[in-house]
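A.B. asks: my_file_13.pdb is reproduced in full below (PDB, C-alpha atoms).
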ATOM      1  CA  MET A 175      49.701 167.014 130.904  1.00  0.00           C
ATOM      2  CA  SER A 176      46.166 167.173 132.320  1.00  0.00           C
ATOM      3  CA  SER A 177      45.286 165.778 135.701  1.00  0.00           C
ATOM      4  CA  ASN A 178      43.162 162.672 136.098  1.00  0.00           C
ATOM      5  CA  ALA A 179      40.440 164.766 137.790  1.00  0.00           C
ATOM      6  CA  GLU A 180      39.924 166.655 134.525  1.00  0.00           C
ATOM      7  CA  THR A 181      39.356 163.493 132.515  1.00  0.00           C
ATOM      8  CA  VAL A 182      37.149 161.592 134.961  1.00  0.00           C
ATOM      9  CA  PRO A 183      33.424 162.188 134.285  1.00  0.00           C
ATOM     10  CA  PHE A 184      31.547 163.799 137.168  1.00  0.00           C
ATOM     11  CA  TRP A 185      29.434 160.675 137.786  1.00  0.00           C
ATOM     12  CA  LYS A 186      32.629 158.744 138.508  1.00  0.00           C
ATOM     13  CA  ALA A 187      34.323 161.532 140.440  1.00  0.00           C
ATOM     14  CA  ARG A 188      31.453 162.438 142.788  1.00  0.00           C
ATOM     15  CA  THR A 189      28.756 160.696 144.763  1.00  0.00           C
ATOM     16  CA  LEU A 190      25.127 161.524 144.095  1.00  0.00           C
ATOM     17  CA  ALA A 191      25.117 163.711 147.219  1.00  0.00           C
ATOM     18  CA  GLU A 192      28.101 165.706 145.939  1.00  0.00           C
ATOM     19  CA  MET A 193      26.569 166.534 142.565  1.00  0.00           C
ATOM     20  CA  SER A 194      25.262 169.935 141.602  1.00  0.00           C
ATOM     21  CA  ALA A 195      21.584 170.268 140.686  1.00  0.00           C
ATOM     22  CA  ARG A 196      22.574 170.485 137.004  1.00  0.00           C
ATOM     23  CA  GLU A 197      24.670 167.312 137.226  1.00  0.00           C
ATOM     24  CA  TRP A 198      21.890 165.499 139.109  1.00  0.00           C
ATOM     25  CA  GLU A 199      19.302 166.385 136.474  1.00  0.00           C
ATOM     26  CA  SER A 200      21.650 165.402 133.630  1.00  0.00           C
ATOM     27  CA  LEU A 201      21.824 161.851 135.000  1.00  0.00           C
ATOM     28  CA  CYS A 202      18.266 161.266 133.810  1.00  0.00           C
ATOM     29  CA  ASP A 203      18.675 159.443 130.498  1.00  0.00           C
ATOM     30  CA  GLY A 204      15.135 160.172 129.333  1.00  0.00           C
ATOM     31  CA  CYS A 205      14.048 156.533 129.198  1.00  0.00           C
ATOM     32  CA  GLY A 206      10.648 157.294 130.765  1.00  0.00           C
ATOM     33  CA  LEU A 207      10.571 154.014 132.692  1.00  0.00           C
ATOM     34  CA  CYS A 208      10.113 155.689 136.062  1.00  0.00           C
ATOM     35  CA  CYS A 209       6.976 157.379 134.662  1.00  0.00           C
ATOM     36  CA  LEU A 210       5.190 154.079 134.134  1.00  0.00           C
ATOM     37  CA  ASN A 211       2.466 153.241 136.615  1.00  0.00           C
ATOM     38  CA  LYS A 212       3.339 150.526 139.067  1.00  0.00           C
ATOM     39  CA  LEU A 213       1.065 148.261 141.073  1.00  0.00           C
ATOM     40  CA  GLU A 214       1.888 147.058 144.566  1.00  0.00           C
ATOM     41  CA  ASP A 215       0.529 143.900 146.122  1.00  0.00           C
ATOM     42  CA  TRP A 216      -0.663 145.051 149.535  1.00  0.00           C
ATOM     43  CA  ASP A 217      -0.051 141.627 151.091  1.00  0.00           C
ATOM     44  CA  THR A 218       3.473 140.942 149.779  1.00  0.00           C
ATOM     45  CA  GLY A 219       4.720 144.442 148.956  1.00  0.00           C
ATOM     46  CA  GLU A 220       5.750 143.213 145.500  1.00  0.00           C
ATOM     47  CA  VAL A 221       5.770 146.004 142.917  1.00  0.00           C
ATOM     48  CA  VAL A 222       5.119 145.324 139.243  1.00  0.00           C
ATOM     49  CA  PHE A 223       5.332 147.637 136.267  1.00  0.00           C
ATOM     50  CA  THR A 224       2.548 148.349 133.830  1.00  0.00           C
ATOM     51  CA  SER A 225       2.894 149.800 130.348  1.00  0.00           C
ATOM     52  CA  VAL A 226       0.442 152.509 131.426  1.00  0.00           C
ATOM     53  CA  ALA A 227       2.293 155.806 131.383  1.00  0.00           C
ATOM     54  CA  CYS A 228       1.726 158.880 133.501  1.00  0.00           C
ATOM     55  CA  ARG A 229      -0.545 161.404 131.818  1.00  0.00           C
ATOM     56  CA  LEU A 230       2.404 163.821 131.617  1.00  0.00           C
ATOM     57  CA  LEU A 231       4.804 161.462 129.853  1.00  0.00           C
ATOM     58  CA  ASP A 232       5.425 162.430 126.244  1.00  0.00           C
ATOM     59  CA  GLY A 233       5.391 159.054 124.486  1.00  0.00           C
ATOM     60  CA  GLN A 234       7.840 160.177 121.803  1.00  0.00           C
ATOM     61  CA  SER A 235      10.504 162.030 123.792  1.00  0.00           C
ATOM     62  CA  CYS A 236       9.926 160.009 127.004  1.00  0.00           C
ATOM     63  CA  ARG A 237      10.164 163.263 128.955  1.00  0.00           C
ATOM     64  CA  CYS A 238       7.650 164.945 131.219  1.00  0.00           C
ATOM     65  CA  LYS A 239       5.385 167.415 129.417  1.00  0.00           C
ATOM     66  CA  ASP A 240       5.369 169.735 132.462  1.00  0.00           C
ATOM     67  CA  TYR A 241       8.372 168.745 134.582  1.00  0.00           C
ATOM     68  CA  GLU A 242       8.533 171.952 136.631  1.00  0.00           C
ATOM     69  CA  ASN A 243       4.864 171.806 137.642  1.00  0.00           C
ATOM     70  CA  ARG A 244       4.292 168.037 137.578  1.00  0.00           C
ATOM     71  CA  ALA A 245       3.369 167.739 141.267  1.00  0.00           C
ATOM     72  CA  ALA A 246       0.387 170.035 140.728  1.00  0.00           C
ATOM     73  CA  THR A 247      -1.034 167.646 138.115  1.00  0.00           C
ATOM     74  CA  VAL A 248       0.298 164.378 139.551  1.00  0.00           C
ATOM     75  CA  PRO A 249       0.482 164.806 143.346  1.00  0.00           C
ATOM     76  CA  ASP A 250       2.032 161.356 143.868  1.00  0.00           C
ATOM     77  CA  CYS A 251       4.850 161.977 141.386  1.00  0.00           C
ATOM     78  CA  ILE A 252       8.096 161.045 143.116  1.00  0.00           C
ATOM     79  CA  GLN A 253      10.813 163.673 143.313  1.00  0.00           C
ATOM     80  CA  LEU A 254      13.834 161.387 143.401  1.00  0.00           C
ATOM     81  CA  THR A 255      16.341 162.197 146.121  1.00  0.00           C
ATOM     82  CA  VAL A 256      19.731 160.774 147.063  1.00  0.00           C
ATOM     83  CA  GLU A 257      18.156 158.911 149.970  1.00  0.00           C
ATOM     84  CA  GLN A 258      15.380 157.422 147.849  1.00  0.00           C
ATOM     85  CA  VAL A 259      17.698 155.988 145.204  1.00  0.00           C
ATOM     86  CA  SER A 260      18.770 153.159 147.501  1.00  0.00           C
ATOM     87  CA  GLU A 261      15.271 152.724 148.961  1.00  0.00           C
ATOM     88  CA  ILE A 262      13.227 152.478 145.750  1.00  0.00           C
ATOM     89  CA  GLY A 263      13.503 148.880 144.604  1.00  0.00           C
ATOM     90  CA  TRP A 264      11.675 149.425 141.335  1.00  0.00           C
ATOM     91  CA  LEU A 265      14.222 151.750 139.760  1.00  0.00           C
ATOM     92  CA  PRO A 266      15.120 150.082 136.461  1.00  0.00           C
ATOM     93  CA  PRO A 267      18.478 148.266 136.360  1.00  0.00           C
ATOM     94  CA  THR A 268      19.662 150.739 133.721  1.00  0.00           C
ATOM     95  CA  CYS A 269      18.778 153.851 135.750  1.00  0.00           C
ATOM     96  CA  ALA A 270      21.807 156.155 136.040  1.00  0.00           C
ATOM     97  CA  TYR A 271      20.888 157.158 139.580  1.00  0.00           C
ATOM     98  CA  ARG A 272      20.874 153.514 140.609  1.00  0.00           C
ATOM     99  CA  LEU A 273      24.097 152.751 138.714  1.00  0.00           C
ATOM    100  CA  VAL A 274      26.012 155.673 140.228  1.00  0.00           C
ATOM    101  CA  SER A 275      24.673 154.867 143.690  1.00  0.00           C
ATOM    102  CA  GLU A 276      25.986 151.309 143.282  1.00  0.00           C
ATOM    103  CA  GLY A 277      29.393 152.540 142.079  1.00  0.00           C
ATOM    104  CA  ARG A 278      28.797 151.356 138.511  1.00  0.00           C
ATOM    105  CA  ASP A 279      29.383 153.209 135.246  1.00  0.00           C
ATOM    106  CA  LEU A 280      26.786 154.499 132.805  1.00  0.00           C
ATOM    107  CA  TYR A 281      25.979 152.487 129.695  1.00  0.00           C
ATOM    108  CA  TRP A 282      27.274 153.488 126.250  1.00  0.00           C
ATOM    109  CA  TRP A 283      23.833 154.696 125.179  1.00  0.00           C
ATOM    110  CA  HIS A 284      23.414 157.152 128.066  1.00  0.00           C
ATOM    111  CA  PRO A 285      23.337 160.694 126.614  1.00  0.00           C
ATOM    112  CA  LEU A 286      26.192 161.785 128.915  1.00  0.00           C
ATOM    113  CA  VAL A 287      28.375 159.051 127.390  1.00  0.00           C
ATOM    114  CA  SER A 288      27.126 159.058 123.790  1.00  0.00           C
ATOM    115  CA  GLY A 289      26.561 162.789 123.513  1.00  0.00           C
ATOM    116  CA  ASP A 290      23.219 162.077 121.842  1.00  0.00           C
ATOM    117  CA  SER A 291      19.813 162.066 123.575  1.00  0.00           C
ATOM    118  CA  GLU A 292      18.465 159.622 120.965  1.00  0.00           C
ATOM    119  CA  THR A 293      20.782 156.705 121.801  1.00  0.00           C
ATOM    120  CA  VAL A 294      18.651 155.656 124.790  1.00  0.00           C
ATOM    121  CA  HIS A 295      15.823 155.136 122.289  1.00  0.00           C
ATOM    122  CA  THR A 296      17.801 153.563 119.456  1.00  0.00           C
ATOM    123  CA  ALA A 297      19.325 151.115 121.952  1.00  0.00           C
ATOM    124  CA  GLY A 298      15.799 149.989 122.893  1.00  0.00           C
ATOM    125  CA  ILE A 299      16.122 151.068 126.516  1.00  0.00           C
ATOM    126  CA  SER A 300      13.302 153.604 126.662  1.00  0.00           C
ATOM    127  CA  ALA A 301       9.534 153.386 126.912  1.00  0.00           C
ATOM    128  CA  ARG A 302       9.152 154.932 123.444  1.00  0.00           C
ATOM    129  CA  GLY A 303       6.444 153.101 121.504  1.00  0.00           C
ATOM    130  CA  ARG A 304       5.634 150.691 124.343  1.00  0.00           C
ATOM    131  CA  THR A 305       3.078 152.589 126.439  1.00  0.00           C
ATOM    132  CA  ILE A 306      -0.469 153.779 126.662  1.00  0.00           C
ATOM    133  CA  SER A 307      -1.478 156.915 128.570  1.00  0.00           C
ATOM    134  CA  GLU A 308      -3.266 156.501 131.879  1.00  0.00           C
ATOM    135  CA  GLU A 309      -5.904 158.838 130.444  1.00  0.00           C
ATOM    136  CA  GLU A 310      -6.880 156.041 128.042  1.00  0.00           C
ATOM    137  CA  VAL A 311      -7.121 153.214 130.587  1.00  0.00           C
ATOM    138  CA  ASP A 312      -9.595 152.757 133.407  1.00  0.00           C
ATOM    139  CA  LEU A 313      -7.795 152.374 136.738  1.00  0.00           C
ATOM    140  CA  ASP A 314      -9.492 149.012 137.261  1.00  0.00           C
ATOM    141  CA  ASP A 315      -7.886 147.758 134.039  1.00  0.00           C
ATOM    142  CA  PHE A 316      -4.253 148.615 134.897  1.00  0.00           C
ATOM    143  CA  GLU A 317      -3.668 144.954 135.801  1.00  0.00           C
ATOM    144  CA  ASP A 318      -4.250 144.076 132.139  1.00  0.00           C
ATOM    145  CA  TYR A 319      -1.104 146.063 131.292  1.00  0.00           C
ATOM    146  CA  ILE A 320       1.377 144.411 133.689  1.00  0.00           C
ATOM    147  CA  CYS A 321       4.738 143.950 131.986  1.00  0.00           C
ATOM    148  CA  ASP A 322       8.283 142.985 132.905  1.00  0.00           C
ATOM    149  CA  TRP A 323      10.255 144.726 130.150  1.00  0.00           C
ATOM    150  CA  PRO A 324      11.131 147.796 132.272  1.00  0.00           C
ATOM    151  CA  LEU A 325      13.163 145.526 134.545  1.00  0.00           C
ATOM    152  CA  THR A 326      14.807 143.592 131.728  1.00  0.00           C
ATOM    153  CA  VAL A 327      15.768 146.369 129.298  1.00  0.00           C
ATOM    154  CA  GLY A 328      19.424 146.264 128.424  1.00  0.00           C
ATOM    155  CA  GLU A 329      19.777 142.562 129.196  1.00  0.00           C
ATOM    156  CA  ARG A 330      20.053 141.481 125.582  1.00  0.00           C
TER     157      ARG A 330
END
Show this structure as structure tokens.
C.D. replies:
Amino acid sequence: MSSNAETVPFWKARTLAEMSAREWESLCDGCGLCCLNKLEDWDTGEVVFTSVACRLLDGQSCRCKDYENRAATVPDCIQLTVEQVSEIGWLPPTCAYRLVSEGRDLYWWHPLVSGDSETVHTAGISARGRTISEEEVDLDDFEDYICDWPLTVGER
């Protein structure tokens, strides 16, 4: 008979801080929502999403086109850390890092659960088909692309 530790997925058995680099990276479901540009109201601190995607986001795969070197192209790209997960209020409600940090399980469509990297897209969770590249939008026009769907995905 196998022990319970062998059957419990790593994201339930370990905290974010206890995960290996490989496990940490595998938590990313490839939704692309964190790669959408956000606007912050300087007076209130409120952050809103836009459907304007980072220039490095591949609109089809919802993955970074140059993940290893992204900071060279996008200096303000956030390298998510254990500490930041609880501090960044705009992480989507479906984000695996957020879920694990809160002691919750991953959704059925997460590639670690489904075994298929496409389920995040077929479930309608990802940014696939919903964005425009920041290279196609003037910075002054980002407000025209404010949207709330990144914070409501998975609620249906």
A.B. asks: Could you state which residues are captured by the PyMOL selection byres ((chain A and resi 208) around 9) in this file, as a list in words?
C.D. replies: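 Against this file, the PyMOL selection byres ((chain A and resi 208) around 9) returns the residues Cys205, Gly206, Leu207, Cys209, Leu210, Asn211, Trp264, Leu265, Pro266, Cys269 and Pro324 of chain A.
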A.B. asks: Which distance in Å separates atom CA of A:Val248 and atom CA of A:Ile299, to one decimal?
C.D. replies: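 Computing the Euclidean distance for atom CA of A:Val248 and atom CA of A:Ile299 yields 24.4 Å.
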A.B. asks: Looking at all atoms listed in the file, which of A:Glu214, A:Glu276, A:Leu286, A:Leu231 is the one that sits closest to A:Glu197?
C.D. replies: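 Nearest to A:Glu197: A:Leu286.
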A.B. asks: Using all atoms of stretch 232-247 of chain A that appear in the file, construct an axis-aligned enclosing box with 5 Å of padding on every side and provide its centre coordinates and edge lengths in Å, rounded to one decimal, as JSON.
C.D. replies:
{"center_x": 4.7, "center_y": 165.5, "center_z": 131.5, "size_x": 21.5, "size_y": 22.9, "size_z": 29.5}
A.B. asks: As a list in words, please: the residues near A:Ala191 (cut-off 12 Å, all atoms listed in the file, same-chain neighbours under 5 positions excluded).
C.D. replies: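 With the cut-off at 12 Å, the set is Phe184, Trp185, Glu197, Trp198, Thr255, Val256, Glu257, Gln258, Val259, Tyr271, Val274 and Ser275 of chain A.
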A.B. asks: I need the residue nearest A:Asp322 from this list: A:Ile262, A:Val222, A:Leu280, A:Cys238. Use all atoms listed in the file for the distance.
C.D. replies: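 Ranked by minimum distance to A:Asp322, first place goes to A:Val222.
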A.B. asks: Which is closer to A:Val294 than all the others in A:Thr326, A:Thr268, A:Asp315, A:Cys251, using all atoms listed in the file?
C.D. replies: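 Once distances to A:Val294 are computed over all atoms listed in the file, the minimum belongs to A:Thr268.
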A.B. asks: What does the distance between atom CA of A:Gly204 and atom CA of A:Ser291 come to in Å, to one decimal place?
C.D. replies: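 Those two atoms sit 7.7 Å apart.
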A.B. asks: Identify which of the residues A:Ala301, A:Thr296, A:Leu254, A:Glu310 lies closest to A:Phe223, counting only C-alpha atoms when measuring atom-to-atom distances.
C.D. replies: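 Smallest distance to A:Phe223 is found for A:Ala301.
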A.B. asks: Go through the shown structure with the PyMOL selection byres ((chain A and resi 297) around 12) and write out the matching residues as a ChimeraX atom specification.
C.D. replies: /A:203,205,268,281-285,288,290-296,298-302,327-330
A.B. asks: Between A:Ser225, A:Ala246, A:Glu261, A:Ser235, which residue has the minimum interatomic distance to A:Ile306, considering all atoms listed in the file?
C.D. replies: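 Using all atoms listed in the file, A:Ile306 sits closest to A:Ser225.
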A.B. asks: With all atoms listed in the file as the atoms that count, which of A:Thr181, A:Val226, A:Gln234, A:Arg196 lies nearest to A:Leu213?
C.D. replies: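 Distance minimum relative to A:Leu213 lands on A:Val226.
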A.B. asks: Grab the atom CA of A:Gln253 to atom CA of A:Asp318 distance for me, in Å with one decimal place.
C.D. replies: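 That distance, rounded to one decimal, is 27.1 Å.
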